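Visitor: My questions all concern the structure below.
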Amino acid sequence: MTRLLILFALFAFLCGQSFAAEQRPNILLIMVDDMGYSDLGCYGGEVRTPTLDALAAGGVRLARFYNCAQCCPSRASLMSGLYPHQAGVGDMNETGTANELWRRIGSPAYLGFKKEGVVTLPESLREAGYQTFMAGKWHLGQDETCWPGQRGFDRHFALIGGACEQFTGYRSWQKKGPITKFVLNGKKVEKLPPDFYTTASFTDHTLRFIEESDIARPWFGYLAYTAPHWPLQAHESDVAKYAETYRTGPDAIRQRRFERLKQIGLIPDSARLPQLDAEITDEARNAKKERNEQWMRQYAAMIDRVDQSLARIVETLHKRDQFDNTLILFLSDNGSDEVRGPLWGQVCNTPFRKFKVWVHDGGIASPFIAHWPAGIPASQRGKIVTGSAHIMDVFPTCLAAAAAKHPRTFAGHAAQPLEGTSLLPALRGELASMPMDRPLFWERMGNEAMRLGHWKLVRGYGPASANGGIATTGPRTGAWELYDTSTDPGETHDLAAQQSEKVASLVSQHEAWAKRVGVVPREQIVKHMQSNDKK
């Protein structure tokens, strides 16, 4: 009798374990490229995004979600759960130690995405029994040892670099081949199909990976679109939808978005629209108006096509009866740039200041949507979560959803502990907001910032260029600014002079963080760059 009871208990335990494993969600992580905070309909924009709007209505949005201001650093943080410097991507170094400048500087924080001591999100989930796949832009190293298959993905179709011609796959701005570096499951792709389009191809591969996955095991998918990164190229049928949308000009569109953001509840009524930097010339504001408006239509059309593509994925998940238990996360890798001119760039980043690469909120604020009917209470649907979250938080969020652990050791090396924190308690309504007492830090090409509660400390390396771009060389001239973002999310009223003690306290914390993660002062990097130029 005792033996029978033991066998029954063991059987029940194993069944329970199997059941628990089966209930773990699939996870689909979707990232777009260079899209502004307010482009989506559910974030106040006029671009037609019914699929994402529906995911937001059935899920949760974050009001203040932050990335790392540019492609490589954001991707490194996303994949590692660390600040980008800790992961070896303090700057845009795709060639690692082969890059002479960064080799001479010598800091491991700038020598490329680390292989030892940094465990990636797919590596952690694969250890927990997940199937893993990715499609889209990788941008974490050109060498084969850095490709997705070597960093935890079972299957992948990846653009290894940062951009390409959208309809041909040629290197950016090139009208003839060869194509840029694409890799399919570890093998370099020599030829793309005649009907190639980046967004469609990345979606097709994602659908194939989902459809060919083992239904009995959970999967993790990473879909990294290049849209709406330049070159701005879209299907004419999509562009035609926006033929009249932007005729009223950037000021009217921006004001409309601003009011809509207030109505939605993403910004307070006290918010003010920031003005363009004084350094931006009238010539830059007024140059090539027709071309920039046309490029804005192309930009909107590229986002539109992403949304159409996500509708295909949602349909497939429904058909496979996996929609309710798939955690879908959507974000952007940085703010919009000024390629369409500073006025339209500012529109896309409404209600914030500046652009991609800056660490004022226009460069680092992203929409963030989380949808998981089986894991987020129905009472949370359509809610907006306040407080600050960071792209490095995605990693621990996925681990928490998967009931997985971050390994202490991996491939014979001690694993660096995660810096991020799980978003699940806030998404589920267990917390009223993201914790307000957690400091967050940034450094991007000498632009530096810190958030603590409602305070934002920030400085640029130097003044804006004539069209709003960043200063990356020369002496540092930017001074620290301080903003109360609870009433002034647009960073319009600098309180540094009135709050000198608060500035000093936050600067001290930022300096300690910079030392801890290995930031090399930009002034030193500039000196190395200048000595390089003299050779």
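Convention: chains lettered A, B, ... in structure tokens order; per-chain residue numbering from 1; ligands numbered from 1 as shown.
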Find the residues near A:Thr477: any atom within 8 Å, counting only C-alpha atoms, skip ones fewer than 2 places away on the same chain, and give them as a PDB file with N, CA and C atoms, in the first residue's frame.

Guide:
```
ATOM      1  N   TYR A 461      26.622  66.614 -24.894  1.00  0.00           N
ATOM      2  CA  TYR A 461      28.072  66.818 -24.945  1.00  0.00           C
ATOM      3  C   TYR A 461      28.397  68.227 -25.431  1.00  0.00           C
ATOM      4  N   GLY A 462      27.646  68.659 -26.409  1.00  0.00           N
ATOM      5  CA  GLY A 462      27.829  70.011 -26.950  1.00  0.00           C
ATOM      6  C   GLY A 462      26.527  70.509 -27.522  1.00  0.00           C
ATOM      7  N   PRO A 463      26.517  71.658 -28.156  1.00  0.00           N
ATOM      8  CA  PRO A 463      25.284  72.215 -28.714  1.00  0.00           C
ATOM      9  C   PRO A 463      24.805  71.411 -29.923  1.00  0.00           C
ATOM     10  N   PRO A 475      35.519  70.097 -27.647  1.00  0.00           N
ATOM     11  CA  PRO A 475      35.450  70.123 -26.181  1.00  0.00           C
ATOM     12  C   PRO A 475      34.017  69.967 -25.681  1.00  0.00           C
ATOM     13  N   ALA A 479      26.047  71.870 -20.349  1.00  0.00           N
ATOM     14  CA  ALA A 479      25.904  71.982 -18.894  1.00  0.00           C
ATOM     15  C   ALA A 479      24.778  71.074 -18.418  1.00  0.00           C
TER      16      ALA A 479
END
```

Visitor: Between stretch 42-92 of chain A and stretch 134-146 of chain A, at 10 Å or less, what are the per-residue closest atom pairs and their distances in Å? Count only C-alpha atoms, order by chain and rising residue number, and return it as CSV.

Guide:
```
residue,atom,partner,partner_atom,distance
A:Cys71,CA,A:His139,CA,7.4
A:Cys72,CA,A:His139,CA,5.9
A:Pro73,CA,A:Leu140,CA,8.8
A:Arg75,CA,A:Leu140,CA,7.2
A:Ala76,CA,A:Leu140,CA,6.9
A:Met79,CA,A:Leu140,CA,9.6
A:Val89,CA,A:Leu140,CA,8.4
A:Met92,CA,A:Leu140,CA,9.0
```

Visitor: Set the distance at 10 Å and use only C-alpha atoms: which residues neighbour stretch 147-157 of chain A once local chain neighbours fewer than 5 positions away are removed? I'd like the list as a PyMOL selection string.

Guide: chain A and resi 79+115+118-127+130-142+182-189+201-202+205-206+209+220-223

Visitor: Which residues, written as a list in words, have at least one atom at most 12 Å from A:Lys502, with only C-alpha atoms counted and residues fewer than 2 positions away on the same chain left out?

Guide: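 Non-adjacent residues within range: Leu452, Trp455, Lys456, Leu457, Trp480, Glu481, Leu482, Tyr483, Asp484, Leu495, Ala496, Ala497, Gln498, Gln499, Ser500, Ala504, Ser505, Leu506, Val507, Ser508 and Gln509 of chain A.
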
Visitor: Could you write those residues out with C-alpha atoms, as a short mmCIF file (atom, residue, chain, number, x, y, z; two decimals), in the first residue's frame?

Guide:
```
data_model
loop_
_atom_site.label_atom_id
_atom_site.label_comp_id
_atom_site.auth_asym_id
_atom_site.auth_seq_id
_atom_site.Cartn_x
_atom_site.Cartn_y
_atom_site.Cartn_z
CA LEU A 452 15.31 59.29 -10.03
CA TRP A 455 13.68 64.20 -11.38
CA LYS A 456 15.60 64.10 -14.65
CA LEU A 457 19.26 65.20 -14.83
CA TRP A 480 23.79 69.88 -16.56
CA GLU A 481 20.04 70.56 -16.74
CA LEU A 482 17.39 69.47 -14.22
CA TYR A 483 13.69 68.89 -14.84
CA ASP A 484 10.67 67.93 -12.77
CA LEU A 495 15.56 73.99 -12.61
CA ALA A 496 19.32 73.45 -12.24
CA ALA A 497 20.02 76.97 -10.99
CA GLN A 498 17.28 76.80 -8.33
CA GLN A 499 18.06 73.23 -7.25
CA SER A 500 21.86 73.20 -7.06
CA ALA A 504 25.07 67.94 -7.08
CA SER A 505 23.53 64.83 -5.51
CA LEU A 506 22.38 63.41 -8.83
CA VAL A 507 25.68 64.23 -10.58
CA SER A 508 27.53 62.35 -7.85
CA GLN A 509 25.31 59.31 -8.39
#
```

Visitor: Check the smallest atom-to-atom distance from each of A:Lys175, A:Arg208, A:Arg444, A:Lys288 to A:Leu343 using only C-alpha atoms, then report the winner.

Guide: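 Of the candidates, the smallest distance to A:Leu343 is held by A:Lys288.
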
Visitor: Have a look at A:Thr409, A:Thr397, A:Asn447, A:Gln380 and name the one nearest to A:Ala57; count only C-alpha atoms.

Guide: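 Residue with the minimum atom-to-atom distance to A:Ala57: A:Gln380.
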
Visitor: Just list the residues in stretch 87-309 of chain A DSSP gives strand (DSSP E or B) on the backbone, as an MDAnalysis selection string.

Guide: chainID A and resid 131:137 155:159 170 179 182:184 187:188 219:224

Visitor: Could you give me the residues within stretch 246-387 of chain A that DSSP places in alpha helix (DSSP H), as a ChimeraX atom specification?

Guide: /A:250-264,282-286,289-319,342-348,361-364

Visitor: For A:Trp358, which of A:Gly460, A:Pro439, A:Gly341, A:Gly112 is the closest residue, counting only C-alpha atoms?

Guide: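 Going through A:Gly460, A:Pro439, A:Gly341, A:Gly112 one by one, the smallest distance to A:Trp358 is for A:Gly460.
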
Visitor: Please determine, counting only C-alpha atoms, which residue among A:Lys191, A:Thr168, A:Ala287, A:Thr492 has the shortest atom-to-atom distance to A:Gln275.

Guide: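 Under the stated criterion, the closest residue is A:Thr492.
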
Visitor: Have a look at A:Lys241, A:His360, A:Arg305, A:Arg459 and name the one nearest to A:Cys68; count only C-alpha atoms.

Guide: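 Of A:Lys241, A:His360, A:Arg305, A:Arg459, the one nearest A:Cys68 is A:His360, counting only C-alpha atoms.
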
Visitor: Using only C-alpha atoms, find the one residue out of A:Arg428, A:His371, A:Arg297, A:His235 that sits nearest to A:Phe323.

Guide: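 Ranking A:Arg428, A:His371, A:Arg297, A:His235 by distance to A:Phe323, first place goes to A:His371.
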
Visitor: Quick one: residues within 9 Å of stretch 259-268 of chain A, only C-alpha atoms, excluding same-chain residues fewer than 2 positions away - as an MDAnalysis selection string?

Guide: chainID A and resid 38 42:45 62:64 254:257 270:271 350:351 384 386 486:489

Visitor: Could you check how far atom CA of A:Asn26 sits from atom CA of A:Asp324, in Å to one decimal?

Guide: 9.6 Å

Visitor: Pick out the residues sitting within 8 Å of A:Thr472, and hand them over as a list in words; count only C-alpha atoms, and ignore anything fewer than 2 positions along from it in its own chain.

Guide: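 Here the answer would be Met445, Gly446, Tyr461, Gly462, Ile470, Gly474 and Val526 of chain A.
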